$ cat work-v7.cif   # mmCIF, N, CA and C atoms
data_run
loop_
_atom_site.label_atom_id
_atom_site.label_comp_id
_atom_site.auth_asym_id
_atom_site.auth_seq_id
_atom_site.Cartn_x
_atom_site.Cartn_y
_atom_site.Cartn_z
N MET S 57 -67.55 5.73 -99.67
CA MET S 57 -67.00 6.34 -100.88
C MET S 57 -68.02 6.32 -102.03
N HIS S 58 -68.81 5.25 -102.11
CA HIS S 58 -69.77 5.16 -103.21
C HIS S 58 -70.83 6.25 -103.13
N SER S 59 -71.12 6.76 -101.92
CA SER S 59 -72.09 7.84 -101.81
C SER S 59 -71.57 9.11 -102.47
N VAL S 60 -70.26 9.33 -102.44
CA VAL S 60 -69.66 10.49 -103.11
C VAL S 60 -69.89 10.40 -104.61
N PHE S 61 -69.73 9.21 -105.15
CA PHE S 61 -69.92 9.02 -106.59
C PHE S 61 -71.39 9.14 -106.98
N MET S 62 -72.28 8.61 -106.13
CA MET S 62 -73.71 8.76 -106.43
C MET S 62 -74.13 10.21 -106.29
N ASP S 63 -73.54 10.94 -105.34
CA ASP S 63 -73.83 12.37 -105.24
C ASP S 63 -73.44 13.10 -106.52
N ALA S 64 -72.31 12.72 -107.11
CA ALA S 64 -71.89 13.33 -108.38
C ALA S 64 -72.88 12.98 -109.50
N ALA S 65 -73.36 11.75 -109.51
CA ALA S 65 -74.36 11.36 -110.51
C ALA S 65 -75.66 12.14 -110.29
N LEU S 66 -76.04 12.32 -109.04
CA LEU S 66 -77.24 13.12 -108.74
C LEU S 66 -77.08 14.57 -109.19
N ASP S 67 -75.87 15.12 -109.05
CA ASP S 67 -75.61 16.47 -109.56
C ASP S 67 -75.84 16.53 -111.06
N GLU S 68 -75.38 15.51 -111.78
CA GLU S 68 -75.60 15.46 -113.23
C GLU S 68 -77.09 15.35 -113.55
N ALA S 69 -77.83 14.60 -112.75
CA ALA S 69 -79.28 14.49 -112.95
C ALA S 69 -79.96 15.84 -112.76
N ARG S 70 -79.53 16.59 -111.74
CA ARG S 70 -80.11 17.91 -111.50
C ARG S 70 -79.83 18.85 -112.67
N ILE S 71 -78.64 18.80 -113.20
CA ILE S 71 -78.30 19.63 -114.37
C ILE S 71 -79.19 19.25 -115.55
N ALA S 72 -79.37 17.96 -115.76
CA ALA S 72 -80.24 17.50 -116.84
C ALA S 72 -81.65 18.07 -116.67
N ALA S 73 -82.15 18.04 -115.45
CA ALA S 73 -83.51 18.56 -115.20
C ALA S 73 -83.62 20.03 -115.54
N THR S 74 -82.58 20.82 -115.25
CA THR S 74 -82.63 22.25 -115.58
C THR S 74 -82.69 22.48 -117.08
N LEU S 75 -82.27 21.49 -117.85
CA LEU S 75 -82.32 21.59 -119.32
C LEU S 75 -83.62 21.01 -119.90
N GLY S 76 -84.51 20.58 -119.01
CA GLY S 76 -85.75 19.98 -119.46
C GLY S 76 -85.61 18.51 -119.81
N GLU S 77 -84.51 17.91 -119.42
CA GLU S 77 -84.25 16.50 -119.67
C GLU S 77 -84.75 15.68 -118.48
N VAL S 78 -85.09 14.42 -118.72
CA VAL S 78 -85.42 13.52 -117.62
C VAL S 78 -84.19 13.46 -116.72
N PRO S 79 -84.35 13.71 -115.42
CA PRO S 79 -83.20 13.84 -114.53
C PRO S 79 -82.53 12.51 -114.17
N VAL S 80 -81.66 12.07 -115.05
CA VAL S 80 -80.84 10.89 -114.81
C VAL S 80 -79.40 11.32 -115.02
N GLY S 81 -78.53 10.91 -114.09
CA GLY S 81 -77.12 11.25 -114.18
C GLY S 81 -76.26 10.03 -113.95
N ALA S 82 -75.06 10.07 -114.50
CA ALA S 82 -74.14 8.94 -114.39
C ALA S 82 -72.70 9.42 -114.29
N VAL S 83 -71.90 8.67 -113.57
CA VAL S 83 -70.45 8.89 -113.54
C VAL S 83 -69.75 7.55 -113.69
N ILE S 84 -68.59 7.59 -114.31
CA ILE S 84 -67.74 6.40 -114.42
C ILE S 84 -66.50 6.66 -113.59
N VAL S 85 -66.16 5.65 -112.79
CA VAL S 85 -65.06 5.74 -111.84
C VAL S 85 -64.01 4.70 -112.17
N GLN S 86 -62.76 5.15 -112.15
CA GLN S 86 -61.63 4.24 -112.33
C GLN S 86 -60.65 4.50 -111.18
N ASN S 87 -60.32 3.46 -110.46
CA ASN S 87 -59.37 3.57 -109.35
C ASN S 87 -59.73 4.69 -108.38
N GLY S 88 -61.00 4.82 -108.06
CA GLY S 88 -61.45 5.81 -107.09
C GLY S 88 -61.55 7.24 -107.59
N THR S 89 -61.41 7.44 -108.90
CA THR S 89 -61.48 8.77 -109.49
C THR S 89 -62.55 8.82 -110.58
N ILE S 90 -63.37 9.85 -110.54
CA ILE S 90 -64.36 10.03 -111.61
C ILE S 90 -63.63 10.43 -112.88
N ILE S 91 -63.82 9.62 -113.94
CA ILE S 91 -63.17 9.93 -115.22
C ILE S 91 -64.16 10.40 -116.28
N ALA S 92 -65.46 10.21 -116.04
CA ALA S 92 -66.47 10.67 -116.99
C ALA S 92 -67.77 10.90 -116.24
N ARG S 93 -68.53 11.87 -116.71
CA ARG S 93 -69.82 12.18 -116.10
C ARG S 93 -70.74 12.70 -117.18
N ALA S 94 -72.03 12.44 -116.98
CA ALA S 94 -73.02 12.90 -117.96
C ALA S 94 -74.41 12.84 -117.35
N GLY S 95 -75.29 13.64 -117.94
CA GLY S 95 -76.71 13.57 -117.63
C GLY S 95 -77.45 13.32 -118.93
N ASN S 96 -78.70 12.95 -118.83
CA ASN S 96 -79.49 12.73 -120.04
C ASN S 96 -79.44 13.96 -120.94
N ARG S 97 -79.36 13.74 -122.24
CA ARG S 97 -79.36 14.84 -123.22
C ARG S 97 -80.16 14.46 -124.47
N THR S 98 -81.17 13.60 -124.34
CA THR S 98 -81.92 13.16 -125.52
C THR S 98 -82.60 14.32 -126.24
N ARG S 99 -83.17 15.25 -125.48
CA ARG S 99 -83.85 16.40 -126.10
C ARG S 99 -82.84 17.43 -126.59
N THR S 100 -81.86 17.71 -125.78
CA THR S 100 -80.85 18.71 -126.13
C THR S 100 -80.13 18.34 -127.42
N LEU S 101 -79.78 17.06 -127.56
CA LEU S 101 -79.02 16.60 -128.72
C LEU S 101 -79.90 16.00 -129.82
N ASN S 102 -81.22 15.97 -129.58
CA ASN S 102 -82.12 15.30 -130.53
C ASN S 102 -81.60 13.91 -130.87
N ASP S 103 -81.27 13.17 -129.83
CA ASP S 103 -80.65 11.86 -129.99
C ASP S 103 -81.27 10.90 -128.97
N PRO S 104 -82.08 9.95 -129.42
CA PRO S 104 -82.74 9.04 -128.49
C PRO S 104 -81.76 8.14 -127.74
N THR S 105 -80.53 8.05 -128.20
CA THR S 105 -79.53 7.23 -127.50
C THR S 105 -78.71 8.03 -126.49
N ALA S 106 -78.98 9.30 -126.33
CA ALA S 106 -78.17 10.17 -125.46
C ALA S 106 -78.59 10.06 -123.99
N HIS S 107 -78.68 8.82 -123.52
CA HIS S 107 -78.94 8.57 -122.10
C HIS S 107 -77.64 8.83 -121.34
N ALA S 108 -77.77 9.16 -120.06
CA ALA S 108 -76.61 9.49 -119.23
C ALA S 108 -75.55 8.39 -119.27
N GLU S 109 -75.99 7.14 -119.16
CA GLU S 109 -75.04 6.02 -119.14
C GLU S 109 -74.24 5.95 -120.43
N ILE S 110 -74.93 6.06 -121.55
CA ILE S 110 -74.27 5.94 -122.86
C ILE S 110 -73.28 7.09 -123.05
N LEU S 111 -73.70 8.30 -122.71
CA LEU S 111 -72.80 9.45 -122.85
C LEU S 111 -71.57 9.32 -121.96
N ALA S 112 -71.75 8.83 -120.74
CA ALA S 112 -70.62 8.64 -119.83
C ALA S 112 -69.69 7.54 -120.35
N ILE S 113 -70.26 6.45 -120.86
CA ILE S 113 -69.44 5.37 -121.43
C ILE S 113 -68.63 5.88 -122.61
N ARG S 114 -69.27 6.64 -123.49
CA ARG S 114 -68.55 7.20 -124.65
C ARG S 114 -67.39 8.09 -124.20
N ALA S 115 -67.64 8.95 -123.22
CA ALA S 115 -66.60 9.86 -122.73
C ALA S 115 -65.44 9.08 -122.11
N ALA S 116 -65.74 8.07 -121.30
CA ALA S 116 -64.69 7.27 -120.66
C ALA S 116 -63.89 6.49 -121.70
N ALA S 117 -64.56 5.93 -122.69
CA ALA S 117 -63.86 5.18 -123.74
C ALA S 117 -62.93 6.09 -124.54
N ARG S 118 -63.40 7.31 -124.84
CA ARG S 118 -62.52 8.27 -125.54
C ARG S 118 -61.30 8.61 -124.69
N LEU S 119 -61.55 8.90 -123.40
CA LEU S 119 -60.47 9.27 -122.50
C LEU S 119 -59.43 8.16 -122.38
N LEU S 120 -59.89 6.94 -122.25
CA LEU S 120 -58.97 5.80 -122.07
C LEU S 120 -58.45 5.25 -123.39
N GLY S 121 -59.04 5.66 -124.49
CA GLY S 121 -58.60 5.17 -125.79
C GLY S 121 -58.90 3.70 -125.99
N SER S 122 -60.02 3.25 -125.42
CA SER S 122 -60.38 1.83 -125.51
C SER S 122 -61.88 1.66 -125.37
N PRO S 123 -62.46 0.72 -126.11
CA PRO S 123 -63.89 0.45 -125.93
C PRO S 123 -64.16 -0.43 -124.71
N ARG S 124 -63.12 -0.93 -124.09
CA ARG S 124 -63.25 -1.81 -122.92
C ARG S 124 -62.94 -1.03 -121.65
N LEU S 125 -63.89 -1.04 -120.72
CA LEU S 125 -63.76 -0.30 -119.47
C LEU S 125 -63.79 -1.28 -118.29
N GLY S 126 -63.07 -2.37 -118.43
CA GLY S 126 -63.12 -3.47 -117.48
C GLY S 126 -62.67 -3.16 -116.07
N ASP S 127 -61.90 -2.11 -115.88
CA ASP S 127 -61.49 -1.76 -114.52
C ASP S 127 -62.26 -0.54 -114.01
N CYS S 128 -63.42 -0.28 -114.61
CA CYS S 128 -64.23 0.88 -114.24
C CYS S 128 -65.58 0.44 -113.68
N GLU S 129 -66.19 1.37 -112.96
CA GLU S 129 -67.53 1.14 -112.44
C GLU S 129 -68.42 2.31 -112.82
N LEU S 130 -69.69 2.02 -112.98
CA LEU S 130 -70.69 3.03 -113.34
C LEU S 130 -71.62 3.26 -112.16
N HIS S 131 -71.84 4.53 -111.84
CA HIS S 131 -72.81 4.94 -110.84
C HIS S 131 -73.87 5.74 -111.58
N VAL S 132 -75.11 5.30 -111.54
CA VAL S 132 -76.19 5.96 -112.26
C VAL S 132 -77.41 6.07 -111.35
N THR S 133 -78.17 7.13 -111.52
CA THR S 133 -79.26 7.42 -110.60
C THR S 133 -80.51 6.58 -110.81
N LEU S 134 -80.64 5.94 -111.97
CA LEU S 134 -81.84 5.16 -112.27
C LEU S 134 -81.43 3.82 -112.87
N GLU S 135 -82.19 2.79 -112.57
CA GLU S 135 -81.95 1.47 -113.14
C GLU S 135 -81.86 1.59 -114.67
N PRO S 136 -80.76 1.09 -115.26
CA PRO S 136 -80.59 1.22 -116.70
C PRO S 136 -81.66 0.49 -117.52
N CYS S 137 -81.97 1.09 -118.67
CA CYS S 137 -82.88 0.48 -119.64
C CYS S 137 -82.12 -0.59 -120.42
N ALA S 138 -82.81 -1.27 -121.32
CA ALA S 138 -82.18 -2.34 -122.10
C ALA S 138 -81.03 -1.81 -122.97
N MET S 139 -81.23 -0.64 -123.58
CA MET S 139 -80.17 -0.07 -124.42
C MET S 139 -78.92 0.19 -123.58
N CYS S 140 -79.10 0.81 -122.44
CA CYS S 140 -77.96 1.14 -121.59
C CYS S 140 -77.31 -0.11 -121.00
N ALA S 141 -78.13 -1.09 -120.65
CA ALA S 141 -77.58 -2.36 -120.16
C ALA S 141 -76.71 -3.00 -121.23
N GLY S 142 -77.14 -2.91 -122.49
CA GLY S 142 -76.33 -3.43 -123.58
C GLY S 142 -75.01 -2.69 -123.69
N GLY S 143 -75.03 -1.38 -123.55
CA GLY S 143 -73.80 -0.59 -123.58
C GLY S 143 -72.88 -0.94 -122.43
N ILE S 144 -73.44 -1.14 -121.25
CA ILE S 144 -72.66 -1.52 -120.07
C ILE S 144 -71.98 -2.86 -120.31
N SER S 145 -72.72 -3.79 -120.88
CA SER S 145 -72.19 -5.12 -121.17
C SER S 145 -71.06 -5.04 -122.21
N HIS S 146 -71.30 -4.33 -123.29
CA HIS S 146 -70.28 -4.23 -124.35
C HIS S 146 -69.03 -3.50 -123.86
N ALA S 147 -69.19 -2.56 -122.96
CA ALA S 147 -68.03 -1.84 -122.42
C ALA S 147 -67.28 -2.66 -121.38
N ARG S 148 -67.89 -3.75 -120.96
CA ARG S 148 -67.29 -4.66 -119.97
C ARG S 148 -67.05 -3.98 -118.61
N LEU S 149 -67.95 -3.06 -118.25
CA LEU S 149 -67.81 -2.39 -116.95
C LEU S 149 -67.81 -3.43 -115.82
N LYS S 150 -66.96 -3.20 -114.86
CA LYS S 150 -66.79 -4.16 -113.76
C LYS S 150 -67.97 -4.16 -112.79
N ARG S 151 -68.42 -2.97 -112.43
CA ARG S 151 -69.50 -2.84 -111.44
C ARG S 151 -70.53 -1.81 -111.88
N LEU S 152 -71.77 -2.04 -111.49
CA LEU S 152 -72.87 -1.12 -111.73
C LEU S 152 -73.54 -0.83 -110.40
N TYR S 153 -73.57 0.45 -110.04
CA TYR S 153 -74.30 0.93 -108.87
C TYR S 153 -75.42 1.81 -109.40
N TYR S 154 -76.65 1.53 -108.99
CA TYR S 154 -77.72 2.42 -109.43
C TYR S 154 -78.65 2.77 -108.28
N GLY S 155 -79.32 3.92 -108.46
CA GLY S 155 -80.19 4.46 -107.42
C GLY S 155 -81.58 3.88 -107.48
N ALA S 156 -82.50 4.61 -108.06
CA ALA S 156 -83.91 4.22 -108.09
C ALA S 156 -84.15 3.06 -109.05
N SER S 157 -85.04 2.18 -108.64
CA SER S 157 -85.49 1.11 -109.54
C SER S 157 -86.48 1.71 -110.54
N ASP S 158 -86.61 1.05 -111.69
CA ASP S 158 -87.52 1.53 -112.73
C ASP S 158 -88.38 0.37 -113.22
N ALA S 159 -89.54 0.19 -112.59
CA ALA S 159 -90.41 -0.93 -112.92
C ALA S 159 -90.93 -0.86 -114.36
N LYS S 160 -91.01 0.35 -114.91
CA LYS S 160 -91.55 0.51 -116.27
C LYS S 160 -90.49 0.33 -117.35
N GLY S 161 -89.33 0.96 -117.17
CA GLY S 161 -88.33 0.94 -118.25
C GLY S 161 -87.01 0.28 -117.89
N GLY S 162 -86.86 -0.16 -116.66
CA GLY S 162 -85.61 -0.77 -116.25
C GLY S 162 -85.40 -2.14 -116.87
N ALA S 163 -84.14 -2.53 -116.99
CA ALA S 163 -83.82 -3.82 -117.61
C ALA S 163 -82.81 -4.63 -116.79
N VAL S 164 -82.62 -4.23 -115.53
CA VAL S 164 -81.68 -4.95 -114.67
C VAL S 164 -82.45 -5.87 -113.74
N GLU S 165 -83.28 -5.28 -112.87
CA GLU S 165 -84.11 -6.10 -111.99
C GLU S 165 -85.55 -6.18 -112.48
N HIS S 166 -85.87 -5.44 -113.52
CA HIS S 166 -87.21 -5.43 -114.11
C HIS S 166 -87.12 -5.80 -115.59
N GLY S 167 -88.27 -5.90 -116.22
CA GLY S 167 -88.32 -6.13 -117.67
C GLY S 167 -87.48 -7.33 -118.09
N PRO S 168 -86.62 -7.13 -119.07
CA PRO S 168 -85.88 -8.27 -119.63
C PRO S 168 -84.76 -8.83 -118.74
N ARG S 169 -84.45 -8.13 -117.66
CA ARG S 169 -83.35 -8.58 -116.78
C ARG S 169 -82.13 -8.96 -117.64
N PHE S 170 -81.68 -7.97 -118.35
CA PHE S 170 -80.66 -8.11 -119.39
C PHE S 170 -79.46 -8.95 -118.97
N PHE S 171 -78.91 -8.67 -117.80
CA PHE S 171 -77.65 -9.31 -117.41
C PHE S 171 -77.80 -10.78 -117.04
N SER S 172 -79.03 -11.25 -116.86
CA SER S 172 -79.21 -12.67 -116.54
C SER S 172 -79.59 -13.49 -117.78
N GLN S 173 -79.61 -12.84 -118.94
CA GLN S 173 -79.93 -13.56 -120.17
C GLN S 173 -78.72 -14.34 -120.68
N PRO S 174 -78.94 -15.52 -121.25
CA PRO S 174 -77.81 -16.31 -121.75
C PRO S 174 -77.06 -15.64 -122.90
N THR S 175 -77.68 -14.70 -123.57
CA THR S 175 -77.03 -14.00 -124.68
C THR S 175 -76.23 -12.79 -124.24
N CYS S 176 -76.24 -12.49 -122.95
CA CYS S 176 -75.48 -11.35 -122.42
C CYS S 176 -73.99 -11.65 -122.50
N LEU S 177 -73.24 -10.75 -123.11
CA LEU S 177 -71.80 -10.94 -123.30
C LEU S 177 -71.00 -10.81 -122.00
N HIS S 178 -71.42 -9.89 -121.15
CA HIS S 178 -70.71 -9.62 -119.90
C HIS S 178 -71.70 -9.02 -118.92
N ALA S 179 -71.65 -9.48 -117.69
CA ALA S 179 -72.51 -8.93 -116.65
C ALA S 179 -71.64 -8.32 -115.56
N PRO S 180 -71.88 -7.06 -115.22
CA PRO S 180 -71.12 -6.45 -114.13
C PRO S 180 -71.64 -6.94 -112.79
N ASP S 181 -70.88 -6.71 -111.74
CA ASP S 181 -71.41 -6.87 -110.40
C ASP S 181 -72.42 -5.74 -110.21
N ILE S 182 -73.58 -6.04 -109.64
CA ILE S 182 -74.68 -5.08 -109.57
C ILE S 182 -75.02 -4.76 -108.12
N TYR S 183 -75.10 -3.44 -107.84
CA TYR S 183 -75.42 -2.95 -106.50
C TYR S 183 -76.54 -1.91 -106.61
N PRO S 184 -77.79 -2.32 -106.39
CA PRO S 184 -78.92 -1.38 -106.50
C PRO S 184 -79.15 -0.59 -105.21
N GLY S 185 -79.88 0.50 -105.33
CA GLY S 185 -80.38 1.23 -104.18
C GLY S 185 -79.53 2.35 -103.64
N PHE S 186 -78.39 2.65 -104.24
CA PHE S 186 -77.54 3.75 -103.76
C PHE S 186 -78.17 5.08 -104.14
N GLY S 187 -78.52 5.89 -103.15
CA GLY S 187 -79.15 7.19 -103.41
C GLY S 187 -80.54 7.07 -104.00
N ALA S 188 -81.19 5.93 -103.76
CA ALA S 188 -82.49 5.66 -104.39
C ALA S 188 -83.55 6.69 -104.04
N ASP S 189 -83.62 7.08 -102.78
CA ASP S 189 -84.67 8.01 -102.37
C ASP S 189 -84.53 9.37 -103.06
N GLU S 190 -83.31 9.89 -103.08
CA GLU S 190 -83.09 11.19 -103.71
C GLU S 190 -83.30 11.12 -105.22
N ALA S 191 -82.84 10.04 -105.84
CA ALA S 191 -83.03 9.87 -107.29
C ALA S 191 -84.51 9.78 -107.62
N ALA S 192 -85.25 9.01 -106.84
CA ALA S 192 -86.69 8.87 -107.08
C ALA S 192 -87.41 10.20 -106.88
N ALA S 193 -86.99 10.97 -105.87
CA ALA S 193 -87.61 12.27 -105.61
C ALA S 193 -87.39 13.22 -106.78
N LEU S 194 -86.19 13.23 -107.36
CA LEU S 194 -85.92 14.08 -108.53
C LEU S 194 -86.86 13.73 -109.69
N LEU S 195 -87.02 12.44 -109.93
CA LEU S 195 -87.89 11.99 -111.02
C LEU S 195 -89.35 12.33 -110.75
N THR S 196 -89.80 12.10 -109.52
CA THR S 196 -91.19 12.40 -109.15
C THR S 196 -91.48 13.88 -109.31
N GLU S 197 -90.57 14.71 -108.84
CA GLU S 197 -90.74 16.16 -108.97
C GLU S 197 -90.77 16.59 -110.44
N PHE S 198 -89.86 16.05 -111.24
CA PHE S 198 -89.79 16.39 -112.66
C PHE S 198 -91.09 16.03 -113.38
N PHE S 199 -91.54 14.79 -113.20
CA PHE S 199 -92.75 14.36 -113.91
C PHE S 199 -94.00 15.02 -113.33
N GLY S 200 -93.98 15.37 -112.05
CA GLY S 200 -95.09 16.13 -111.46
C GLY S 200 -95.24 17.49 -112.11
N ARG S 201 -94.11 18.16 -112.34
CA ARG S 201 -94.15 19.47 -113.03
C ARG S 201 -94.67 19.33 -114.45
N LEU S 202 -94.29 18.27 -115.15
CA LEU S 202 -94.77 18.07 -116.52
C LEU S 202 -96.28 17.90 -116.54
N ARG S 203 -96.81 17.18 -115.57
CA ARG S 203 -98.26 16.95 -115.51
C ARG S 203 -99.02 18.24 -115.24
N GLN S 204 -98.40 19.18 -114.52
CA GLN S 204 -99.05 20.45 -114.20
C GLN S 204 -99.08 21.39 -115.40
N ASP S 205 -98.11 21.25 -116.28
CA ASP S 205 -98.03 22.15 -117.45
C ASP S 205 -98.99 21.78 -118.53
#
$ encode --input "work-v7.cif" --output "structure tokens"
Amino acid sequence: MHSVFMDAALDEARIAATLGEVPVGAVIVQNGTIIARAGNRTRTLNDPTAHAEILAIRAAARLLGSPRLGDCELHVTLEPCAMCAGGISHARLKRLYYGASDAKGGAVEHGPRFFSQPTCLHAPDIYPGFGADEAAALLTEFFGRLRQD
């Protein structure tokens, strides 16, 4: 079932890429149903905080009428950065599934390892590597095209 949700996140990443955005996509799932989805929109919205995870969290919180998403899980195509990890923690998401690791900007298994810090308010259950190959290929292709231009 989780592959279906990661496929939906990958679809959001592909849409982001068509807009010239870094191809990262996210979906939030509650009780087996996708309740929010988003892709990166930092350039489109001129908003450095418009990462896929943050946009999906905002949409889910609006839909549920609560800043707490404790019975929800996030599926995202790339290891979250520190900002997104903070949003995941504050939203109290139950589980985090992510695709490709991000040695440069990730904050879950790389960098600050946000969720293992003593100052972390809440840490979700973490499941890395879902759809990692396809997510990494989207990113490699995107950045390869940028280097050619």
$ resolve_selection --input "work-v7.cif" --expression "the PyMOL selection byres (((chain S and resi 193-201 and name CA) around 9) and name CA)" --output "list of chain:residue names"
S:Leu66, S:Ala69, S:Arg70, S:Ala73, S:Gly76, S:Glu77, S:Val78, S:Pro79, S:Val80, S:Ala188, S:Asp189, S:Glu190, S:Ala191, S:Ala192, S:Leu202, S:Arg203, S:Gln204, S:Asp205
$ atom_distance --input "work-v7.cif" --atom1 "atom CA of S:Cys140" --atom2 "atom CA of S:Ile90"
19.1 Å
$ resolve_selection --input "work-v7.cif" --expression "the PyMOL selection byres ((chain S and resi 110) around 8)" --output "PDB file with N, CA and C atoms, in the coordinates of the input"
ATOM      1  N   ALA S  82     -75.060  10.070-114.500  1.00  0.00           N
ATOM      2  CA  ALA S  82     -74.140   8.940-114.390  1.00  0.00           C
ATOM      3  C   ALA S  82     -72.700   9.420-114.290  1.00  0.00           C
ATOM      4  N   ALA S  94     -72.030  12.440-116.980  1.00  0.00           N
ATOM      5  CA  ALA S  94     -73.020  12.900-117.960  1.00  0.00           C
ATOM      6  C   ALA S  94     -74.410  12.840-117.350  1.00  0.00           C
ATOM      7  N   THR S 105     -80.530   8.050-128.200  1.00  0.00           N
ATOM      8  CA  THR S 105     -79.530   7.230-127.500  1.00  0.00           C
ATOM      9  C   THR S 105     -78.710   8.030-126.490  1.00  0.00           C
ATOM     10  N   ALA S 106     -78.980   9.300-126.330  1.00  0.00           N
ATOM     11  CA  ALA S 106     -78.170  10.170-125.460  1.00  0.00           C
ATOM     12  C   ALA S 106     -78.590  10.060-123.990  1.00  0.00           C
ATOM     13  N   HIS S 107     -78.680   8.820-123.520  1.00  0.00           N
ATOM     14  CA  HIS S 107     -78.940   8.570-122.100  1.00  0.00           C
ATOM     15  C   HIS S 107     -77.640   8.830-121.340  1.00  0.00           C
ATOM     16  N   ALA S 108     -77.770   9.160-120.060  1.00  0.00           N
ATOM     17  CA  ALA S 108     -76.610   9.490-119.230  1.00  0.00           C
ATOM     18  C   ALA S 108     -75.550   8.390-119.270  1.00  0.00           C
ATOM     19  N   GLU S 109     -75.990   7.140-119.160  1.00  0.00           N
ATOM     20  CA  GLU S 109     -75.040   6.020-119.140  1.00  0.00           C
ATOM     21  C   GLU S 109     -74.240   5.950-120.430  1.00  0.00           C
ATOM     22  N   LEU S 111     -73.700   8.300-122.710  1.00  0.00           N
ATOM     23  CA  LEU S 111     -72.800   9.450-122.850  1.00  0.00           C
ATOM     24  C   LEU S 111     -71.570   9.320-121.960  1.00  0.00           C
ATOM     25  N   ALA S 112     -71.750   8.830-120.740  1.00  0.00           N
ATOM     26  CA  ALA S 112     -70.620   8.640-119.830  1.00  0.00           C
ATOM     27  C   ALA S 112     -69.690   7.540-120.350  1.00  0.00           C
ATOM     28  N   ILE S 113     -70.260   6.450-120.860  1.00  0.00           N
ATOM     29  CA  ILE S 113     -69.440   5.370-121.430  1.00  0.00           C
ATOM     30  C   ILE S 113     -68.630   5.880-122.610  1.00  0.00           C
ATOM     31  N   ARG S 114     -69.270   6.640-123.490  1.00  0.00           N
ATOM     32  CA  ARG S 114     -68.550   7.200-124.650  1.00  0.00           C
ATOM     33  C   ARG S 114     -67.390   8.090-124.200  1.00  0.00           C
ATOM     34  N   ALA S 115     -67.640   8.950-123.220  1.00  0.00           N
ATOM     35  CA  ALA S 115     -66.600   9.860-122.730  1.00  0.00           C
ATOM     36  C   ALA S 115     -65.440   9.080-122.110  1.00  0.00           C
ATOM     37  N   ALA S 116     -65.740   8.070-121.300  1.00  0.00           N
ATOM     38  CA  ALA S 116     -64.690   7.270-120.660  1.00  0.00           C
ATOM     39  C   ALA S 116     -63.890   6.490-121.700  1.00  0.00           C
ATOM     40  N   MET S 139     -81.230  -0.640-123.580  1.00  0.00           N
ATOM     41  CA  MET S 139     -80.170  -0.070-124.420  1.00  0.00           C
ATOM     42  C   MET S 139     -78.920   0.190-123.580  1.00  0.00           C
ATOM     43  N   CYS S 140     -79.100   0.810-122.440  1.00  0.00           N
ATOM     44  CA  CYS S 140     -77.960   1.140-121.590  1.00  0.00           C
ATOM     45  C   CYS S 140     -77.310  -0.110-121.000  1.00  0.00           C
ATOM     46  N   ALA S 141     -78.130  -1.090-120.650  1.00  0.00           N
ATOM     47  CA  ALA S 141     -77.580  -2.360-120.160  1.00  0.00           C
ATOM     48  C   ALA S 141     -76.710  -3.000-121.230  1.00  0.00           C
ATOM     49  N   GLY S 143     -75.030  -1.380-123.550  1.00  0.00           N
ATOM     50  CA  GLY S 143     -73.800  -0.590-123.580  1.00  0.00           C
ATOM     51  C   GLY S 143     -72.880  -0.940-122.430  1.00  0.00           C
ATOM     52  N   ILE S 144     -73.440  -1.140-121.250  1.00  0.00           N
ATOM     53  CA  ILE S 144     -72.660  -1.520-120.070  1.00  0.00           C
ATOM     54  C   ILE S 144     -71.980  -2.860-120.310  1.00  0.00           C
TER      55      ILE S 144
END
$ residues_around --input "work-v7.cif" --residues "stretch 174-185 of chain S" --least-positions-apart "3" --cutoff "12 Å" --atoms "only C-alpha atoms" --output "PyMOL selection string"
chain S and resi 58-59+62+124-136+138+141-158+162+164-166+168-171+188-192
$ atom_distance --input "work-v7.cif" --atom1 "atom C of S:Ala159" --atom2 "atom N of S:Ala117"
28.5 Å
$ select_by_dssp --input "work-v7.cif" --residues "stretch 95-186 of chain S" --states "helix (DSSP H, G or I)" --output "ChimeraX atom specification"
/S:108-120,138-147,170-172
$ atom_distance --input "work-v7.cif" --atom1 "atom CA of S:Thr100" --atom2 "atom CA of S:Ala65"
18.4 Å
$ select_by_dssp --input "work-v7.cif" --residues "chain S" --states "strand (DSSP E or B)" --output "ChimeraX atom specification"
/S:81-86,89-95,128-134,151-156,181-184
